[in-house]
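Colleague: Just passing along the structure, written as structure tokens.
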There are 4 protein chains.
Amino acid sequence: MSLSTLEAPIKDKQTTSTMKAAVFHAPGQITLDSVPIPKAGAGEAVIRVTLTTICGTDLHILKGEYAVKPGLIIGHEPVGIIHELGAGLTGYKVGDRVLVGAITPCGQCNYCLGGNWSQCGGPLGGWKFGNTINGAQAEYLLVPHAQANLAKIPDELADEQVVLLADIASTGISAAESGHVQIGDTVAVFAQGPIGLCATAGAKLKGASLIIAVESDPVRTEMSKRMGADVVLDFSKEDVIESIKHLTRGRGVDVAIEALGTQSTFENALRAIRAGGTLSSLGVYSGKLALPLDAFAAGLGDHKIVTTLCPGGKERMRRLIELVRQGRIDLVPLLTHTFALEDIKDAYDLFGSRRDGVIKVAIRP
Amino acid sequence: MSLSTLEAPIKDKQTTSTMKAAVFHAPGQITLDSVPIPKAGAGEAVIRVTLTTICGTDLHILKGEYAVKPGLIIGHEPVGIIHELGAGLTGYKVGDRVLVGAITPCGQCNYCLGGNWSQCGGPLGGWKFGNTINGAQAEYLLVPHAQANLAKIPDELADEQVVLLADIASTGISAAESGHVQIGDTVAVFAQGPIGLCATAGAKLKGASLIIAVESDPVRTEMSKRMGADVVLDFSKEDVIESIKHLTRGRGVDVAIEALGTQSTFENALRAIRAGGTLSSLGVYSGKLALPLDAFAAGLGDHKIVTTLCPGGKERMRRLIELVRQGRIDLVPLLTHTFALEDIKDAYDLFGSRRDGVIKVAIRP
Amino acid sequence: MSLSTLEAPIKDKQTTSTMKAAVFHAPGQITLDSVPIPKAGAGEAVIRVTLTTICGTDLHILKGEYAVKPGLIIGHEPVGIIHELGAGLTGYKVGDRVLVGAITPCGQCNYCLGGNWSQCGGPLGGWKFGNTINGAQAEYLLVPHAQANLAKIPDELADEQVVLLADIASTGISAAESGHVQIGDTVAVFAQGPIGLCATAGAKLKGASLIIAVESDPVRTEMSKRMGADVVLDFSKEDVIESIKHLTRGRGVDVAIEALGTQSTFENALRAIRAGGTLSSLGVYSGKLALPLDAFAAGLGDHKIVTTLCPGGKERMRRLIELVRQGRIDLVPLLTHTFALEDIKDAYDLFGSRRDGVIKVAIRP
Amino acid sequence: MSLSTLEAPIKDKQTTSTMKAAVFHAPGQITLDSVPIPKAGAGEAVIRVTLTTICGTDLHILKGEYAVKPGLIIGHEPVGIIHELGAGLTGYKVGDRVLVGAITPCGQCNYCLGGNWSQCGGPLGGWKFGNTINGAQAEYLLVPHAQANLAKIPDELADEQVVLLADIASTGISAAESGHVQIGDTVAVFAQGPIGLCATAGAKLKGASLIIAVESDPVRTEMSKRMGADVVLDFSKEDVIESIKHLTRGRGVDVAIEALGTQSTFENALRAIRAGGTLSSLGVYSGKLALPLDAFAAGLGDHKIVTTLCPGGKERMRRLIELVRQGRIDLVPLLTHTFALEDIKDAYDLFGSRRDGVIKVAIRP
């Protein structure tokens with residue numbers, strides 16, 4: 001007798017065998033194609049996507065800046081309904097509404113079992129959706145390591161309330177966690193794009209006292225205050241470092257969060273922190289960064305620089321969902337525009353252009 | 001030539017040499033006496049107290065439960081104006097408005113230099129005010145280790161906004177800190193007296209998702225919601241453990257905070273936590289506690305029990321003041337009644353009786 | 001196309017279908033029976049056990065103190081050769097020599113994905129071997145969640161060098177980890193049975209300065225010094241608390257580890273720690289523990305009490321194996337006696353009696 | 001009556017009023033001058049130096065790379081006898097033998113009271129000896145904040161056993177602490193100068209399994225093994241990164257420690273760490289560092305870079321002394337040469353030249 005429960009795959013109704021999906025073909029070319037609906041193998045699940053979004057990373061992919069293979073479906077932020085369950089999954093049933101994190105840890109490799117889920121060493125674990133395996137901008141999505149990655153959504157929450165938890169909210173909040181923001185700390189957040197806005201919310205959740213955001217765009221400045229910033233500095237109009245020193249009485253902030261990915265924001269974030277402070281870096285940089293030693297003070301200071309990749313897994317998602325359910329964070333205002341999957345090209349255009357006050361776009365398959 | 005700056009003591013104007021103070025004489029007997037105004041020695045300061053309060057500990061002292069020597073002035077929660085500065089203090093001047101924590105670390109012993117300020121091993125460090133040296137329920141207060149313990153109050157804040165930071169708010173918030181409440185944790189707080197209410201605020205500051213308070217008094221139940229509780233369970237009407245398990249889907253809370261000091265709340269707090277959870281205990285118990293092993297699961301679980309003594313020192317006070325200044329916490333509603341120092345006997349009566357919805361009393365010398 | 005790799009089960013040669021195993025029938029009755037060799041289902045593995053041991057917990061089971069069902073094979077500390085691999089496992093092959101931790105986390109439940117692997121909530125995860133599923137005192141063992149639980153053993157290490165890592169060494173070392181022993185800390189370890197001896201080794205691995213063990217048995221006293229104790233106090237001849245205070249100049253130890261499970265050792269451990277110190281408890285107690293408040297100082301101290309269940313999973317085993325490989329710990333001396341599986345009754349007798357200087361017994365199927 | 005104990009200064013016998021001291025006059029010019037013996041003000045102590053040493057930082061000062069004012073006595077690593085105690089000190093007496101850390105925290109500023117003693121914000125706190133106030137390469141030394149900075153040396157220990165704890169051992173060991181080396185971690189230490197050698201010892205004290213040192217000098221390679229390295233890679237003969245990957249089975253080390261201060265060691269250290277690993281940097285760099293993003297992986301990794309300034313204060317010194325007393329570390333072999341204070345010029349020459357297998361020089365006033 002075996003200890004395992006090898007159930008036959010269970011599936012919900014489905015009348016066709018193809019679906020619409022946003023497929024990367026070449027730099028500059030993502031088209032809505034008709035492709036086969038995936039099937040769930042052992043340990044896998046297929047979800048029918050009910051809401052997804054576009055990430056800044058997808059824009060990088062579109063520009064050809066990632067080594068994504070032609071033919072791959074893009075996207076890594078899925079909310080949906082379980083459509084098919086592969087063998088070996090327990091505790092789920094077809095029809096359950098779930099959130100799937102952008103990072104899909106296997107839970108069973110040395111990295112995962114050491115608590116480094118974001119660095120999952122499994123061949124299908126880590127950030128794979130829309131990167132090396134098919135992604136979420138589609139009607140259906142195959143989820144690897146599904147036992148570890150399907151987080152049920154309480155009935156009282158709408159898709160819009162949770163979809164951003166899959167990536168940017170988890171990432172943004174983690175910047176405050178990795179930076180070990182303590183109760184009463186002062187925090188500066190450089191750039192208030194989607195991730196920076198979530199980092200601002202994260203700093204507030206961790207009990208920061210003064211939260212200083214840095215942004216020049218008026219829509220994002222407004223949103224920044226809504227997410228918890230006490231002061232928003234406009235770098236185009238003032239010397240941000242000088243203002244931060246003034247606001248902190250010459251001391252600098254305990255934690256600076258970089259959420260853009262440029263040399264100047266990185267360097268400013270470094271200069272903004274107090275002796276012994278922490279720079280929590282989220283930005284995706286390119287080329288080389290210069291660490292100016294008058295700011296970094298290596299060898300004569302106690303600075304820390306931490307970088308964080310979006311934490312995933314169903315427990316992370318469950319915790320974030322609970323924050324939404326208890327009203328601790330409200331991410332819906334960040335979803336400024338909604339598109340049907342059919343119109344995803346328009347969504348990419350708008351999101352890429354930053355026109356019309358767009359922050360994040362919701363895509364509804 | 002010496003490195004030190006031995007300045008002559010500096011004092012503000014003062015026309016009399018005696019002051020009014022609440023003096024402990026014997027169990028049941030605290031009277032308002034006329035006593036000499038203290039003088040500041042090297043490293044000390046005298047503050048003219050402008051606001052203080054009565055702590056539950058003072059009631060224990062009044063009952064004779066602490067080994068307090070007759071003749072001692074009671075009280076350990078002072079806000080005031082610097083009246084006299086002893087030799088060797090820098091960065092302060094007579095007239096500065098300051099908050100002094102209930103615990104006065106010396107900063108220079110092995111405990112302090114190891115980060116255990118609450119356990120300060122100096123003869124005048126640790127909890128000494130109104131315990132082994134004269135306390136704050138008086139017109140003037142002598143502060144030992146003043147360089148480490150005077151936290152300036154920003155002009156925009158009133159005495160009432162900060163006086164509770166000296167002890168109960170620092171203690172209550174520290175329960176969430178010592179219990180390592182993480183973003184998204186569920187927390188239960190047993191008892192919503194002044195410290196429990198502050199622990200509730202602390203759990204919210206640390207990013208807990210669901211906060212469950214346990215209390216039966218209607219005034220405190222109401223206040224508990226104001227401080228951040230999502231649900232308040234009435235132990236007189238329901239099985240609290242069962243309700244907590246129900247609210248957490250059978251799991252139990254990540255962190256339980258005990259804020260009363262009885263066997264039954266301690267035991268319930270232990271039973272409320274999930275496998276691997278933490279009990280953060282603030283209560284002052286008497287006699288022996290029984291650890292029921294079916295709840296504690298020692299040897300087969302990963303439970304933690306942590307106890308915390310009020311963190312003090314000027315840096316702690318500074319951080320808490322910043323939280324108030326940025327509107328992260330508002331403790332003024334807890335000050336339900338105000339008395340003149342002359343009427344401190346009435347204040348003790350009311351506070352001891354828990355009549356009239358009293359939570360904390362403000363005493364104005 | 002599916003993402004999964006459903007391979008056909010692979011097995012090594014095996015000529016019979018039954019094996020010898022130590023089966024629990026009733027309190028006082030564990031017999032060597034002939035039972036079917038298990039078969040590996042999906043995600044599972046069967047290992048041919050080459051070395052195992054008897055744990056103090058097994059003695060409790062033998063006495064009927066655990067709710068173990070009659071018919072179950074006992075034992076939870078296996079070293080062996082992979083005999084059969086179920087579907088879905090990658091990175092292993094039949095014939096690999098592996099260590100399996102006593103605790104077998106699934107890696108995919110909310111507890112595991114929150115870093116609480118010892119508290120694994122999966123039906124087959126956590127401590128299950130020889131408790132609710134068949135155990136290791138047998139020729140073959142079925143391992144659930146094998147992907148997460150098989151740690152390869154380097155060729156240069158003998159079975160004897162690693163078998164104790166499965167449970168007591170992982171547990172003992174974790175006491176020092178959970179107790180957050182810092183470089184330069186003083187540590188007292190109460191009782192020098194197998195787990196206490198490993199806790200002593202753990203304290204040394206974490207950089208403790210002075211390590212004080214408490215034991216009266218001469219063989220264990222000798223072994224204690226070999227494992228890292230600087231001083232061994234004989235509780236039958238001296239006042240241990242007084243001696244600890246003397247050795248630490250009145251201060252008490254930073255961390256006390258309890259490794260027996262009695263009221264008196266628990267209480268002594270509590271009295272041995274300094275203000276703000278930590279009691280790291282490993283003992284399996286019965287009934288209720290009394291927490292004497294003069295020692296615990298709840299509400300006026302910053303004490304911590306932490307309990308730890310043996311950490312498992314292949315990453316934990318990998319790390320411990322590396323310690324052995326680099327010569328950081330040598331556990332072989334603890335294996336004082338060796339028995340063939342056929343003679344396991346004698347092994348239980350000797351181990352239970354503590355005769356002949358026995359510390360741990362090796363069982364060779 | 002005052003709470004303070006203002007004692008009259010107490011002094012030991014002293015027949016002259018001048019002393020010999022190594023004084024910095026200009027780049028390249030440190031001479032042994034006759035200068036007045038300092039006097040202790042309130043809170044200060046004068047120690048008669050019995051042993052000191054020269055630090056790499058002193059060579060930088062000699063070269064004019066620090067803004068040290070002409071006329072300053074150099075040196076920051078003192079062991080000595082208390083010669084004079086200023087007012088306000090308790091627990092010490094003239095004649096006590098003490099170790100004073102290179103960093104002298106005040107214990108009473110916001111940095112110190114926040115646990116950032118190395119970043120002490122007091123005017124005389126932090127790294128001041130031989131930097132902004134007179135230092136230790138002299139017959140007598142004035143110690144500011146003496147209550148916080150005098151650590152008594154047990155009689156059984158010789159000066160040579162503890163002198164290196166004042167700076168390089170505290171710094172080196174702290175690299176392992178700041179890098180959060182866990183039991184079983186693999187660690188690489190780049191460069192085995194005095195600080196790197198102590199970092200190697202620190203990694204071993206923290207329970208690392210495999211410790212890989214990088215060094216080409218044969219004397220330092222030999223010493224590295226003595227301090228705990230399992231393998232020493234010679235960067236002049238092999239591709240260090242490739243060897244590290246090979247030794248860690250392709251994974252990289254958990255923690256890399258940089259102990260030289262050049263772009264290439266910094267970059268190699270970054271490339272040596274595993275996904276999610278930590279670079280603990282001790283080196284004093286000059287100019288700008290380049291962070292190569294293929295190594296740093298900012299935005300797609302979870303790397304940490306931590307820098308640490310020598311932890312000081314008497315509690316730190318006490319803990320390190322205890323390590324020596326219990327035989328956990330032996331730093332005496334690092335003191336390869338001894339000079340009289342009169343011959344300090346020769347000592348600088350030898351130490352600066354790295355001739356004759358010099359690692360550290362002892363200076364005996």
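For the structure tokens, the naming scheme is as follows: chains receive sequential letters (A, B, ...) according to their order of presentation, residues are indexed from 1 within each chain, and ligands are indexed from 1 in presentation order.
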Return as a ChimeraX atom specification the full set of residues in range 14-219 of chain A whose backbone-based DSSP assignment is helix (DSSP H, G or I).

Modeller: /A:56-62,110-113,117-119,146-149,159-166,168-178,194-205,218-219

Colleague: Counting only C-alpha atoms, which residues of chain B come no farther than 7 Å from chain C, as a ChimeraX atom specification?

Modeller: /B:119,275-276,282-293,298-309

Colleague: List every residue of range 52-248 of chain D that DSSP, applied to the backbone, labels as strand (DSSP E or B), and write the result as an mmCIF file with N, CA, C and O atoms, in the first residue's frame.

Modeller:
```
data_model
loop_
_atom_site.group_PDB
_atom_site.id
_atom_site.type_symbol
_atom_site.label_atom_id
_atom_site.label_comp_id
_atom_site.auth_asym_id
_atom_site.auth_seq_id
_atom_site.Cartn_x
_atom_site.Cartn_y
_atom_site.Cartn_z
ATOM 1 N N THR D 52 50.583 48.161 22.872
ATOM 2 C CA THR D 52 49.718 48.654 21.802
ATOM 3 C C THR D 52 50.250 48.063 20.502
ATOM 4 O O THR D 52 51.135 47.194 20.510
ATOM 5 N N THR D 53 49.702 48.512 19.382
ATOM 6 C CA THR D 53 50.123 47.959 18.099
ATOM 7 C C THR D 53 49.915 49.018 17.016
ATOM 8 O O THR D 53 49.502 50.135 17.323
ATOM 9 N N LEU D 72 48.923 65.471 16.523
ATOM 10 C CA LEU D 72 48.118 64.440 17.187
ATOM 11 C C LEU D 72 48.940 63.181 17.444
ATOM 12 O O LEU D 72 49.722 62.744 16.599
ATOM 13 N N ILE D 73 48.721 62.581 18.601
ATOM 14 C CA ILE D 73 49.328 61.276 18.899
ATOM 15 C C ILE D 73 48.489 60.203 18.196
ATOM 16 O O ILE D 73 47.261 60.225 18.247
ATOM 17 N N VAL D 79 46.225 48.583 25.572
ATOM 18 C CA VAL D 79 46.096 47.818 26.804
ATOM 19 C C VAL D 79 46.915 48.565 27.847
ATOM 20 O O VAL D 79 48.002 49.063 27.524
ATOM 21 N N GLY D 80 46.413 48.645 29.076
ATOM 22 C CA GLY D 80 47.187 49.377 30.071
ATOM 23 C C GLY D 80 46.640 49.252 31.472
ATOM 24 O O GLY D 80 45.748 48.460 31.749
ATOM 25 N N ILE D 81 47.236 50.072 32.355
ATOM 26 C CA ILE D 81 46.896 50.098 33.772
ATOM 27 C C ILE D 81 46.230 51.436 34.063
ATOM 28 O O ILE D 81 46.735 52.467 33.616
ATOM 29 N N ILE D 82 45.134 51.404 34.805
ATOM 30 C CA ILE D 82 44.488 52.683 35.123
ATOM 31 C C ILE D 82 45.430 53.504 36.000
ATOM 32 O O ILE D 82 45.874 53.059 37.061
ATOM 33 N N HIS D 83 45.710 54.722 35.535
ATOM 34 C CA HIS D 83 46.663 55.607 36.200
ATOM 35 C C HIS D 83 45.919 56.710 36.954
ATOM 36 O O HIS D 83 46.338 57.133 38.031
ATOM 37 N N GLU D 84 44.819 57.150 36.380
ATOM 38 C CA GLU D 84 44.066 58.232 37.027
ATOM 39 C C GLU D 84 42.598 58.088 36.649
ATOM 40 O O GLU D 84 42.267 57.787 35.484
ATOM 41 N N LEU D 85 41.720 58.314 37.630
ATOM 42 C CA LEU D 85 40.279 58.219 37.370
ATOM 43 C C LEU D 85 39.643 59.572 37.602
ATOM 44 O O LEU D 85 39.789 60.154 38.686
ATOM 45 N N ARG D 97 43.985 46.606 35.464
ATOM 46 C CA ARG D 97 44.499 46.422 34.107
ATOM 47 C C ARG D 97 43.300 46.359 33.166
ATOM 48 O O ARG D 97 42.348 45.607 33.412
ATOM 49 N N VAL D 98 43.335 47.141 32.090
ATOM 50 C CA VAL D 98 42.153 47.250 31.227
ATOM 51 C C VAL D 98 42.514 47.235 29.740
ATOM 52 O O VAL D 98 43.624 47.585 29.336
ATOM 53 N N LEU D 99 41.502 46.806 28.970
ATOM 54 C CA LEU D 99 41.550 46.895 27.514
ATOM 55 C C LEU D 99 40.557 47.977 27.107
ATOM 56 O O LEU D 99 39.463 48.053 27.663
ATOM 57 N N ILE D 103 37.076 51.982 19.266
ATOM 58 C CA ILE D 103 35.896 52.845 19.177
ATOM 59 C C ILE D 103 35.414 53.083 20.598
ATOM 60 O O ILE D 103 35.246 52.134 21.355
ATOM 61 N N TRP D 127 35.060 56.488 16.495
ATOM 62 C CA TRP D 127 36.516 56.342 16.310
ATOM 63 C C TRP D 127 37.178 57.699 16.411
ATOM 64 O O TRP D 127 37.150 58.482 15.484
ATOM 65 N N PHE D 129 40.283 58.029 18.811
ATOM 66 C CA PHE D 129 41.693 57.814 19.196
ATOM 67 C C PHE D 129 42.615 57.879 17.973
ATOM 68 O O PHE D 129 42.433 57.132 16.998
ATOM 69 N N ILE D 133 41.385 62.799 18.492
ATOM 70 C CA ILE D 133 41.955 63.039 19.832
ATOM 71 C C ILE D 133 43.218 62.186 19.969
ATOM 72 O O ILE D 133 43.431 61.257 19.187
ATOM 73 N N ALA D 138 51.762 55.761 22.934
ATOM 74 C CA ALA D 138 52.303 56.706 23.904
ATOM 75 C C ALA D 138 52.389 56.002 25.244
ATOM 76 O O ALA D 138 51.872 54.904 25.413
ATOM 77 N N TYR D 140 51.074 57.237 28.023
ATOM 78 C CA TYR D 140 49.791 57.430 28.720
ATOM 79 C C TYR D 140 48.722 57.811 27.705
ATOM 80 O O TYR D 140 49.005 58.421 26.678
ATOM 81 N N LEU D 141 47.484 57.470 28.033
ATOM 82 C CA LEU D 141 46.355 57.730 27.123
ATOM 83 C C LEU D 141 45.155 58.223 27.927
ATOM 84 O O LEU D 141 44.776 57.611 28.929
ATOM 85 N N LEU D 142 44.559 59.312 27.448
ATOM 86 C CA LEU D 142 43.338 59.821 28.070
ATOM 87 C C LEU D 142 42.140 59.159 27.396
ATOM 88 O O LEU D 142 41.977 59.247 26.173
ATOM 89 N N VAL D 143 41.287 58.485 28.179
ATOM 90 C CA VAL D 143 40.128 57.757 27.633
ATOM 91 C C VAL D 143 38.838 58.526 27.927
ATOM 92 O O VAL D 143 38.488 58.709 29.090
ATOM 93 N N ALA D 151 37.469 47.869 29.924
ATOM 94 C CA ALA D 151 37.142 46.469 30.168
ATOM 95 C C ALA D 151 38.272 45.818 30.948
ATOM 96 O O ALA D 151 39.413 45.785 30.480
ATOM 97 N N LYS D 152 37.951 45.307 32.127
ATOM 98 C CA LYS D 152 39.002 44.710 32.965
ATOM 99 C C LYS D 152 39.527 43.420 32.343
ATOM 100 O O LYS D 152 38.768 42.642 31.778
ATOM 101 N N VAL D 187 31.725 29.873 3.662
ATOM 102 C CA VAL D 187 32.194 31.265 3.724
ATOM 103 C C VAL D 187 33.505 31.387 2.965
ATOM 104 O O VAL D 187 34.376 30.512 3.076
ATOM 105 N N ALA D 188 33.639 32.442 2.181
ATOM 106 C CA ALA D 188 34.930 32.764 1.555
ATOM 107 C C ALA D 188 35.422 34.076 2.138
ATOM 108 O O ALA D 188 34.642 35.017 2.303
ATOM 109 N N VAL D 189 36.709 34.131 2.468
ATOM 110 C CA VAL D 189 37.289 35.366 3.006
ATOM 111 C C VAL D 189 38.386 35.824 2.054
ATOM 112 O O VAL D 189 39.386 35.122 1.864
ATOM 113 N N PHE D 190 38.173 36.996 1.452
ATOM 114 C CA PHE D 190 39.120 37.525 0.477
ATOM 115 C C PHE D 190 40.184 38.361 1.170
ATOM 116 O O PHE D 190 39.884 39.396 1.740
ATOM 117 N N ILE D 211 35.291 26.813 5.116
ATOM 118 C CA ILE D 211 35.823 28.182 5.066
ATOM 119 C C ILE D 211 36.944 28.228 4.036
ATOM 120 O O ILE D 211 37.948 27.531 4.161
ATOM 121 N N ILE D 212 36.739 29.049 3.027
ATOM 122 C CA ILE D 212 37.696 29.188 1.932
ATOM 123 C C ILE D 212 38.363 30.551 2.058
ATOM 124 O O ILE D 212 37.679 31.572 2.027
ATOM 125 N N ALA D 213 39.669 30.579 2.219
ATOM 126 C CA ALA D 213 40.379 31.849 2.261
ATOM 127 C C ALA D 213 41.037 32.093 0.909
ATOM 128 O O ALA D 213 41.315 31.149 0.159
ATOM 129 N N VAL D 214 41.276 33.348 0.588
ATOM 130 C CA VAL D 214 41.952 33.705 -0.660
ATOM 131 C C VAL D 214 43.177 34.541 -0.299
ATOM 132 O O VAL D 214 43.050 35.600 0.328
ATOM 133 N N VAL D 231 40.532 25.632 3.251
ATOM 134 C CA VAL D 231 41.206 25.698 1.961
ATOM 135 C C VAL D 231 41.700 27.131 1.786
ATOM 136 O O VAL D 231 40.984 28.063 2.142
ATOM 137 N N VAL D 232 42.913 27.295 1.264
ATOM 138 C CA VAL D 232 43.371 28.646 0.925
ATOM 139 C C VAL D 232 43.663 28.670 -0.576
ATOM 140 O O VAL D 232 44.500 27.902 -1.057
ATOM 141 N N LEU D 233 42.954 29.511 -1.291
ATOM 142 C CA LEU D 233 43.143 29.626 -2.737
ATOM 143 C C LEU D 233 44.167 30.714 -3.030
ATOM 144 O O LEU D 233 44.102 31.799 -2.450
#
```

Colleague: Give me the residues near Gly75 in chain C as a PyMOL selection string, where near means some atom within 7 Å (using only C-alpha atoms) and where sequence neighbours in that chain fewer than 2 positions away do not count.

Modeller: chain C and resi 54+58+73+77+129-130+135-137

Colleague: Keeping only all heavy atoms, write the selected residues as a tab-separated table (two decimals), in the first residue's frame.

Modeller:
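Everything below was put into again-v5.tsv:
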```tsv
chain	number	residue	atom	x	y	z
C	54	ILE	N	18.09	4.11	18.20
C	54	ILE	CA	16.90	4.20	19.06
C	54	ILE	C	16.93	5.54	19.76
C	54	ILE	O	17.99	5.98	20.24
C	54	ILE	CB	16.88	3.06	20.11
C	54	ILE	CG1	16.89	1.70	19.42
C	54	ILE	CG2	15.64	3.18	21.01
C	54	ILE	CD1	16.94	0.51	20.39
C	58	ASP	N	11.43	6.72	21.52
C	58	ASP	CA	11.01	5.33	21.28
C	58	ASP	C	10.77	4.61	22.62
C	58	ASP	O	9.88	3.77	22.72
C	58	ASP	CB	12.08	4.58	20.47
C	58	ASP	CG	12.27	5.19	19.09
C	58	ASP	OD1	11.31	5.80	18.57
C	58	ASP	OD2	13.38	5.07	18.54
C	73	ILE	N	5.54	0.27	12.64
C	73	ILE	CA	6.99	0.11	12.75
C	73	ILE	C	7.55	1.38	13.40
C	73	ILE	O	7.19	2.49	13.03
C	73	ILE	CB	7.63	-0.10	11.36
C	73	ILE	CG1	7.02	-1.32	10.68
C	73	ILE	CG2	9.15	-0.25	11.49
C	73	ILE	CD1	7.41	-1.49	9.22
C	77	GLU	N	15.16	7.56	12.55
C	77	GLU	CA	16.51	8.08	12.27
C	77	GLU	C	17.21	7.21	11.24
C	77	GLU	O	18.05	6.40	11.60
C	77	GLU	CB	17.30	8.12	13.59
C	77	GLU	CG	16.74	9.13	14.60
C	77	GLU	CD	16.99	8.73	16.04
C	77	GLU	OE1	16.44	7.66	16.45
C	77	GLU	OE2	17.70	9.46	16.74
C	129	PHE	N	7.33	9.55	11.06
C	129	PHE	CA	8.03	8.26	11.11
C	129	PHE	C	7.92	7.62	12.49
C	129	PHE	O	8.31	8.22	13.51
C	129	PHE	CB	9.53	8.43	10.83
C	129	PHE	CG	9.89	8.60	9.39
C	129	PHE	CD1	10.93	9.48	9.03
C	129	PHE	CD2	9.26	7.89	8.37
C	129	PHE	CE1	11.31	9.64	7.72
C	129	PHE	CE2	9.65	8.04	7.04
C	129	PHE	CZ	10.67	8.91	6.72
C	130	GLY	N	7.47	6.40	12.55
C	130	GLY	CA	7.41	5.68	13.82
C	130	GLY	C	6.46	6.34	14.80
C	130	GLY	O	6.52	6.09	16.00
C	135	GLY	N	8.11	3.37	10.49
C	135	GLY	CA	9.37	4.01	10.77
C	135	GLY	C	10.60	3.26	10.30
C	135	GLY	O	10.53	2.36	9.44
C	136	ALA	N	11.74	3.62	10.89
C	136	ALA	CA	13.05	3.29	10.35
C	136	ALA	C	13.73	2.05	10.93
C	136	ALA	O	14.76	1.63	10.42
C	136	ALA	CB	13.98	4.49	10.55
C	137	GLN	N	13.17	1.47	11.98
C	137	GLN	CA	13.81	0.29	12.56
C	137	GLN	C	13.35	-0.93	11.77
C	137	GLN	O	12.58	-1.77	12.26
C	137	GLN	CB	13.50	0.19	14.06
C	137	GLN	CG	14.19	1.32	14.84
C	137	GLN	CD	13.69	1.50	16.25
C	137	GLN	OE1	12.95	0.65	16.75
C	137	GLN	NE2	14.06	2.59	16.89
```

Colleague: Closest to Arg251 in chain D among D:Glu222, D:Asp185, D:Glu238, D:Glu267, using only C-alpha atoms?

Modeller: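 The shortest atom-to-atom distance to Arg251 in chain D comes from D:Asp185.
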
Colleague: Just want the 10 Å neighbourhood of Pro154 in chain A, counted on only C-alpha atoms, with same-chain residues fewer than 6 positions away dropped. Output as a ChimeraX atom specification.

Modeller: /A:96-98,318,321-322,325

Colleague: May I have the selected residues written with N, CA and C atoms, as a compact mmCIF listing (two decimals), in the first residue's frame?

Modeller:
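part_37.txt written:
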```
# COMPACT_ATOMS: atom_id res chain seq x y z
N ASP A 96 -12.40 26.55 -7.51
CA ASP A 96 -11.86 27.45 -6.48
C ASP A 96 -11.24 28.68 -7.14
N ARG A 97 -11.47 29.81 -6.53
CA ARG A 97 -10.86 31.04 -7.05
C ARG A 97 -9.52 31.23 -6.35
N VAL A 98 -8.47 31.47 -7.12
CA VAL A 98 -7.13 31.52 -6.54
C VAL A 98 -6.28 32.66 -7.08
N ARG A 318 -1.32 34.33 0.87
CA ARG A 318 -2.37 34.28 1.90
C ARG A 318 -2.23 35.46 2.88
N ILE A 321 -3.26 38.67 1.14
CA ILE A 321 -4.72 38.71 0.97
C ILE A 321 -5.38 39.10 2.30
N GLU A 322 -4.86 38.60 3.40
CA GLU A 322 -5.44 38.95 4.71
C GLU A 322 -5.30 40.44 5.00
N ARG A 325 -8.08 41.97 3.14
CA ARG A 325 -9.36 41.63 3.75
C ARG A 325 -9.63 42.45 5.00
```

Colleague: Please determine, counting only C-alpha atoms, which residue among C:Leu323, C:Ala67, C:Ala201, C:Val163 has the shortest atom-to-atom distance to Leu335 in chain C.

Modeller: C:Val163
